[in-house]
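Visitor: Sharing a structure here in structure tokens format.
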Protein chains: 2
Amino acid sequence: MIYLDHHSATRPCTAALERMTPYLQDHWGASFAPHRMGQELIAALETRYQMIYDLVNAAPTDQFVFTSSGAEAVNQVFWSVFVEKARKEGKCHIIISELEDAPTMQCAKRLEELGCYIKIAPQKSNGQIDLEKLKELINPRTALISVTMAHGLTGVIQPVEEIIQLAKEKGVLLHLDATYAIGKYPFSFESDYLTFSGDRIHSVKGSGALFAKATAPLSPFILGGNEQGTLRGGSFDIPSFMALSAAAQQSLLYLDMMALEVVRLRDLFETEVKASVLYKDSFRLPNTTTLIFDKVHQEALLYILNRKGIYASIGGSYASHLGRIDESAISFSLSRMTTEDEIRRAAGIINEAVKQLQKISEDL
Amino acid sequence: MIYLDHHSATRPCTAALERMTPYLQDHWGASFAPHRMGQELIAALETRYQMIYDLVNAAPTDQFVFTSSGAEAVNQVFWSVFVEKARKEGKCHIIISELEDAPTMQCAKRLEELGCYIKIAPQKSNGQIDLEKLKELINPRTALISVTMAHGLTGVIQPVEEIIQLAKEKGVLLHLDATYAIGKYPFSFESDYLTFSGDRIHSVKGSGALFAKATAPLSPFILGGNEQGTLRGGSFDIPSFMALSAAAQQSLLYLDMMALEVVRLRDLFETEVKASVLYKDSFRLPNTTTLIFDKVHQEALLYILNRKGIYASIGGSYASHLGRIDESAISFSLSRMTTEDEIRRAAGIINEAVKQLQKISEDL
């Protein structure tokens, strides 16, 4: 197996699993319990938050909620804006981009059903959000701009600095979805909200993160008790939180490797595979490439690669779908666990498969 | 340590952890991925749902959502009723009982803020919900009755059969919160909704369950993609689901032990400890007792017991609080892992501590 679908899921790293295990086996108490089983957990939690803060260079005053997924974190952002801005201040206008994944798309639709107005900023021909169009969509009742920092299939990084600047100038809250950007390159938490999922940075499923500036409205989404300072109800899933903290620490340590070694392997892959690279000249994530195969349908190729043990993506239920961009394209995403041998073998198998498919295509 | 606080958290059983581990270490793919890492997961899931269905004797036509907690499941019930009944049909009247925990209380309050009307049914002197008063609260616009099946501190079991009958007669949806009842005695899913948390039946934190009849409205609460048949967004936390399925299977196997051995130990505990039993003559959970200690304040006793390694509960942030019932009471909850030796040792330590506190109280 050669796994090149790291934007769908990543292998939990040893550090995450080792950090998690004692909290599954021994320290399994509820952190709200009024006895030592609870108290010892509270103490153990304190030093671990810092590792997640460090990964996005968050300030001590920034708020943090541990969630069950990046999707849940996105839901909480939209719910907070609905409760605090739309209902209380009448600011019921929300802007997203056409590059968003299902959580943002569906949360926007929910708010539309509850009386908000949603506008969708288009992308330009380079895979980036059209800033001019985005700017035109802002009006005095705009409460929130919610955009992804980087696209999970093409890897194109959005003009985040300009969007932060624009939101500040216009006095609009900004949510950046860091699902695909997190752990791929260094950045600081400078928007009003930032969300990501642990299972894309070698943490376990069931671990997500929401950061909010102290000035940004933040309401609980899942209600039920006052763990996490009333910001999220239900039992605090401490084992998964521990895994996320360890994975975040590792991700920070490996940022250099992303910028040097992973990008080298990605470039090698782009050289070795006979295909053209989508958005080759755009500012892209170091671990991601979308390749376009002449005279080949993406699903036919994906099917063959799957049988040969190479796992890649064309998007799907959760993420955007490549078919909208190019039906001959497949997205490959590497991680720090990807090896040069895997890349060379994958390239050979892909070239062979593509040749076969092109031959069939020509014979028809 | 003698742990008698099983309504706050339970030790994950070996079966749950063993079932979970391969999905943390090896089969960590996303179930939505369009390749073998995803497909093999879908296949592995199928046989595991049945174990959760079996625990509550659910029918194949019943709907199920795997959630991150019992609290999230309660949130989804209330949200579904809000979307489908309150907004679409104008049925915006909801009844809960005064015995509910934070998730139900807070979800009801949220719906009140969104325009619903909430009524709270009182309890009788035996710790059960007052059925006559509950009946009087129902009106033609009542959409939902939401009550707990059993109280987590007193262990009093509610007149569930009568409430199911009442809801059916009046054509009102019924949600039963099975958080404390699950795995303690056999029952079948006969209401419209049933929710519980895995961490009370020796599964891991981050595992919860929502059952809904095919006829009951069910909307996603966490949005984002179409895993779990569009009923819950975000990556499906398969390791935790696997843990829940194994814990459910074990819970079903141990139901007899609950009815025979755990209840024997609970009764032994009630005999050995010099205290009176709250709601002794009520129909109660086999693993739960609330003891009232003459001339002793609950917090003073809980503090001493904590220092001596006996962990019990007076309720708190998430659950109801015993102080509202009796300030001299402490709740103890056993599990199938509790031993006779623990019970005898705990009784001795408690009697000693109570004697000390009563002496201090008399000296004052």
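Naming works like this for the structure tokens: A, B, ... for the chains as they're shown, residue 1 at the start of each chain, ligands 1 onward in shown order.
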Could you list, with a cut-off of 7 Å and counting only C-alpha atoms, the residues of chain B near chain A, each shown with its nearest atom pair and the distance in Å rounded to one decimal, rows sorted by chain and ascending number, as a Markdown table?

Guide:
```
| residue | atom | partner | partner_atom | distance |
| --- | --- | --- | --- | --- |
| B:Ser8 | CA | A:Ala30 | CA | 6.0 |
| B:Ala9 | CA | A:Gly29 | CA | 5.5 |
| B:Arg11 | CA | A:Trp28 | CA | 6.0 |
| B:Pro12 | CA | A:Leu24 | CA | 6.8 |
| B:Leu24 | CA | A:Pro12 | CA | 6.8 |
| B:Gln25 | CA | A:Pro12 | CA | 6.9 |
| B:Trp28 | CA | A:Arg11 | CA | 6.0 |
| B:Gly29 | CA | A:Ala9 | CA | 5.5 |
| B:Ala30 | CA | A:Ala9 | CA | 5.5 |
| B:Phe32 | CA | A:Ser317 | CA | 6.9 |
| B:Ala33 | CA | A:Ser8 | CA | 6.7 |
| B:Pro34 | CA | A:Ser313 | CA | 6.8 |
| B:His35 | CA | A:Asn306 | CA | 5.6 |
| B:Arg36 | CA | A:Asn306 | CA | 6.6 |
| B:Ser68 | CA | A:Ser68 | CA | 6.4 |
| B:Ser69 | CA | A:Gly234 | CA | 5.9 |
| B:Gly70 | CA | A:Gly234 | CA | 6.8 |
| B:Ala71 | CA | A:Gly234 | CA | 4.8 |
| B:Glu72 | CA | A:Ile222 | CA | 5.8 |
| B:Asn75 | CA | A:Ile222 | CA | 6.4 |
| B:Ala102 | CA | A:Gly224 | CA | 4.6 |
| B:Pro103 | CA | A:Gly224 | CA | 3.5 |
| B:Gln106 | CA | A:Leu223 | CA | 6.1 |
| B:Cys107 | CA | A:Leu223 | CA | 6.4 |
| B:Val204 | CA | A:Leu24 | CA | 6.9 |
| B:Lys205 | CA | A:Asp237 | CA | 5.1 |
| B:Gly206 | CA | A:Asp237 | CA | 5.4 |
| B:Ile222 | CA | A:Glu72 | CA | 5.8 |
| B:Leu223 | CA | A:Pro103 | CA | 5.5 |
| B:Gly224 | CA | A:Pro103 | CA | 3.5 |
| B:Gly225 | CA | A:Tyr318 | CA | 4.2 |
| B:Asn226 | CA | A:Ser317 | CA | 5.8 |
| B:Gly233 | CA | A:Ala71 | CA | 6.5 |
| B:Gly234 | CA | A:Ala71 | CA | 4.8 |
| B:Ser235 | CA | A:Ser69 | CA | 6.8 |
| B:Asp237 | CA | A:Lys205 | CA | 5.1 |
| B:Asn306 | CA | A:His35 | CA | 5.6 |
| B:Tyr311 | CA | A:His35 | CA | 6.1 |
| B:Ser313 | CA | A:Pro34 | CA | 6.9 |
| B:Ser317 | CA | A:Gly225 | CA | 5.3 |
| B:Tyr318 | CA | A:Gly225 | CA | 4.2 |
```

Visitor: For the strand (DSSP E or B) assignment from backbone DSSP, which residues of stretch 163-343 of chain A qualify? Please present them as a VMD selection string.

Guide: chain A and resid 173 to 177 193 to 197 208 to 212 276 to 277 284 288 to 292 310 to 311 313 315 321 329 to 333

Visitor: Using only C-alpha atoms, please write the residues we just selected to a file, as a PDB file, in the first residue's frame.

Guide:
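Dumped to part_2.pdb:
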```
ATOM      1  CA  LEU A 173     -15.518  38.645  11.773  1.00  0.00           C
ATOM      2  CA  LEU A 174     -13.251  36.202   9.941  1.00  0.00           C
ATOM      3  CA  HIS A 175     -13.204  32.417  10.253  1.00  0.00           C
ATOM      4  CA  LEU A 176     -10.295  30.584   8.659  1.00  0.00           C
ATOM      5  CA  ASP A 177     -10.766  26.857   8.127  1.00  0.00           C
ATOM      6  CA  TYR A 193     -11.780  32.113  14.469  1.00  0.00           C
ATOM      7  CA  LEU A 194      -9.603  29.216  13.397  1.00  0.00           C
ATOM      8  CA  THR A 195     -10.695  25.577  13.162  1.00  0.00           C
ATOM      9  CA  PHE A 196      -9.039  22.304  12.265  1.00  0.00           C
ATOM     10  CA  SER A 197      -9.359  18.563  12.653  1.00  0.00           C
ATOM     11  CA  GLY A 208     -10.867  18.852  16.651  1.00  0.00           C
ATOM     12  CA  ALA A 209      -9.945  22.396  17.592  1.00  0.00           C
ATOM     13  CA  LEU A 210     -11.599  25.781  17.658  1.00  0.00           C
ATOM     14  CA  PHE A 211      -9.665  28.948  18.464  1.00  0.00           C
ATOM     15  CA  ALA A 212     -11.444  32.254  18.983  1.00  0.00           C
ATOM     16  CA  SER A 276       0.458  18.132 -16.008  1.00  0.00           C
ATOM     17  CA  VAL A 277       0.170  19.808 -12.646  1.00  0.00           C
ATOM     18  CA  ARG A 284       0.487  25.627  -2.858  1.00  0.00           C
ATOM     19  CA  THR A 288      -0.275  18.321  -2.206  1.00  0.00           C
ATOM     20  CA  THR A 289      -0.497  17.973  -5.954  1.00  0.00           C
ATOM     21  CA  THR A 290      -3.332  17.527  -8.382  1.00  0.00           C
ATOM     22  CA  LEU A 291      -2.244  15.863 -11.607  1.00  0.00           C
ATOM     23  CA  ILE A 292      -4.139  15.979 -14.880  1.00  0.00           C
ATOM     24  CA  ILE A 310      -2.138   3.371  -4.310  1.00  0.00           C
ATOM     25  CA  TYR A 311      -4.640   5.475  -2.438  1.00  0.00           C
ATOM     26  CA  SER A 313      -8.480  11.217  -3.923  1.00  0.00           C
ATOM     27  CA  GLY A 315     -12.753  14.556  -3.356  1.00  0.00           C
ATOM     28  CA  HIS A 321     -14.955  17.340  -5.717  1.00  0.00           C
ATOM     29  CA  ALA A 329      -7.461  15.019 -12.422  1.00  0.00           C
ATOM     30  CA  ILE A 330      -6.477  13.128  -9.296  1.00  0.00           C
ATOM     31  CA  SER A 331      -5.234  14.653  -6.053  1.00  0.00           C
ATOM     32  CA  PHE A 332      -2.303  13.201  -4.142  1.00  0.00           C
ATOM     33  CA  SER A 333      -1.338  14.327  -0.659  1.00  0.00           C
TER      34      SER A 333
END
```

Visitor: Using only C-alpha atoms, which protein or nucleic acid residues come within 9 Å of A:Leu265? Drop anything in the same chain fewer than 4 positions from it, and give the result as a PyMOL selection string.

Guide: chain A and resi 260-261+269-270+287+334+338-340+343

Visitor: Dump C-alpha atoms for the selected residues as a PDB file, in the first residue's frame?

Guide:
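Everything below was put into out.pdb:
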```pdb
ATOM      1  CA  LEU A 260      12.179  20.802   2.953  1.00  0.00           C
ATOM      2  CA  GLU A 261      11.732  17.065   2.579  1.00  0.00           C
ATOM      3  CA  PHE A 269       6.499  13.022  -7.771  1.00  0.00           C
ATOM      4  CA  GLU A 270       5.401  15.805 -10.123  1.00  0.00           C
ATOM      5  CA  ASN A 287       2.410  18.068   0.467  1.00  0.00           C
ATOM      6  CA  LEU A 334       1.826  13.290   1.143  1.00  0.00           C
ATOM      7  CA  THR A 338       5.813   9.349   3.032  1.00  0.00           C
ATOM      8  CA  THR A 339       9.124   7.955   1.748  1.00  0.00           C
ATOM      9  CA  GLU A 340      11.093   8.531  -1.458  1.00  0.00           C
ATOM     10  CA  ILE A 343       6.997   8.157  -4.332  1.00  0.00           C
TER      11      ILE A 343
END
```

Visitor: Separation of atom CA of B:Glu161 and atom CA of B:Arg48, in Å?

Guide: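 Calculated distance between atom CA of B:Glu161 and atom CA of B:Arg48 is 28.8 Å.
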
Visitor: When you count only C-alpha atoms, which of these residues is closest to B:Ser320: B:Ala150, B:Leu357, B:Leu55, B:Ala44?

Guide: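 Of all the options, B:Ala150 lies closest to B:Ser320.
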
Visitor: Nearest to B:Gly183 among B:Glu18, B:Asp256, B:Glu112, B:Glu272, with distances taken over only C-alpha atoms: which residue is it?

Guide: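 Using only C-alpha atoms, B:Gly183 sits closest to B:Asp256.
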
Visitor: Please indicate the distance in Å from atom CA of B:Ala59 to atom CA of B:Leu134, rounded to one decimal place.

Guide: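 Atom CA of B:Ala59 sits 28.5 Å away from atom CA of B:Leu134.
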
Visitor: Find the residues near B:Lys85: any atom within 12 Å, counting only C-alpha atoms, skip ones fewer than 3 places away on the same chain, and give them as a ChimeraX atom specification.

Guide: /B:77-82,88-94,111,116,141-144,172-173,216-219

Visitor: Could you state the separation of atom CA of B:Ser125 and atom CA of B:Ile157 in Å, given to one decimal place?

Guide: 13.5 Å

Visitor: Find the residue from A:Ile325, A:Leu41, A:Leu99, A:Val296 that sits nearest to A:Ala353; use only C-alpha atoms when measuring.

Guide: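 The shortest atom-to-atom distance to A:Ala353 comes from A:Val296.
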
Visitor: Compare B:Asp192, B:Met242, B:Gln228, B:Leu364 by their minimum atom-to-atom distance to B:Asp62, counting only C-alpha atoms, and give me the closest one.

Guide: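 Among B:Asp192, B:Met242, B:Gln228, B:Leu364, it is B:Asp192 that comes nearest to B:Asp62.
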
Visitor: Could you check which of B:Val354, B:Ile138, B:Leu252, B:Ala247 is closest to B:Ala275, using only C-alpha atoms?

Guide: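 Nearest candidate to B:Ala275 out of B:Val354, B:Ile138, B:Leu252, B:Ala247: B:Val354.
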
Visitor: If DSSP is run on the backbone, what residues of stretch 16-191 of chain B are alpha helix (DSSP H)? A reply as a VMD selection string would be ideal.

Guide: chain B and resid 16 to 25 36 to 55 70 to 81 88 to 89 102 to 113 131 to 137 160 to 170

Visitor: Could you check which of A:Gln158, A:Ser251, A:Thr271, A:Gln123 is closest to A:Arg344, using only C-alpha atoms?

Guide: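 When distances to A:Arg344 are compared using only C-alpha atoms, the smallest one comes from A:Thr271.
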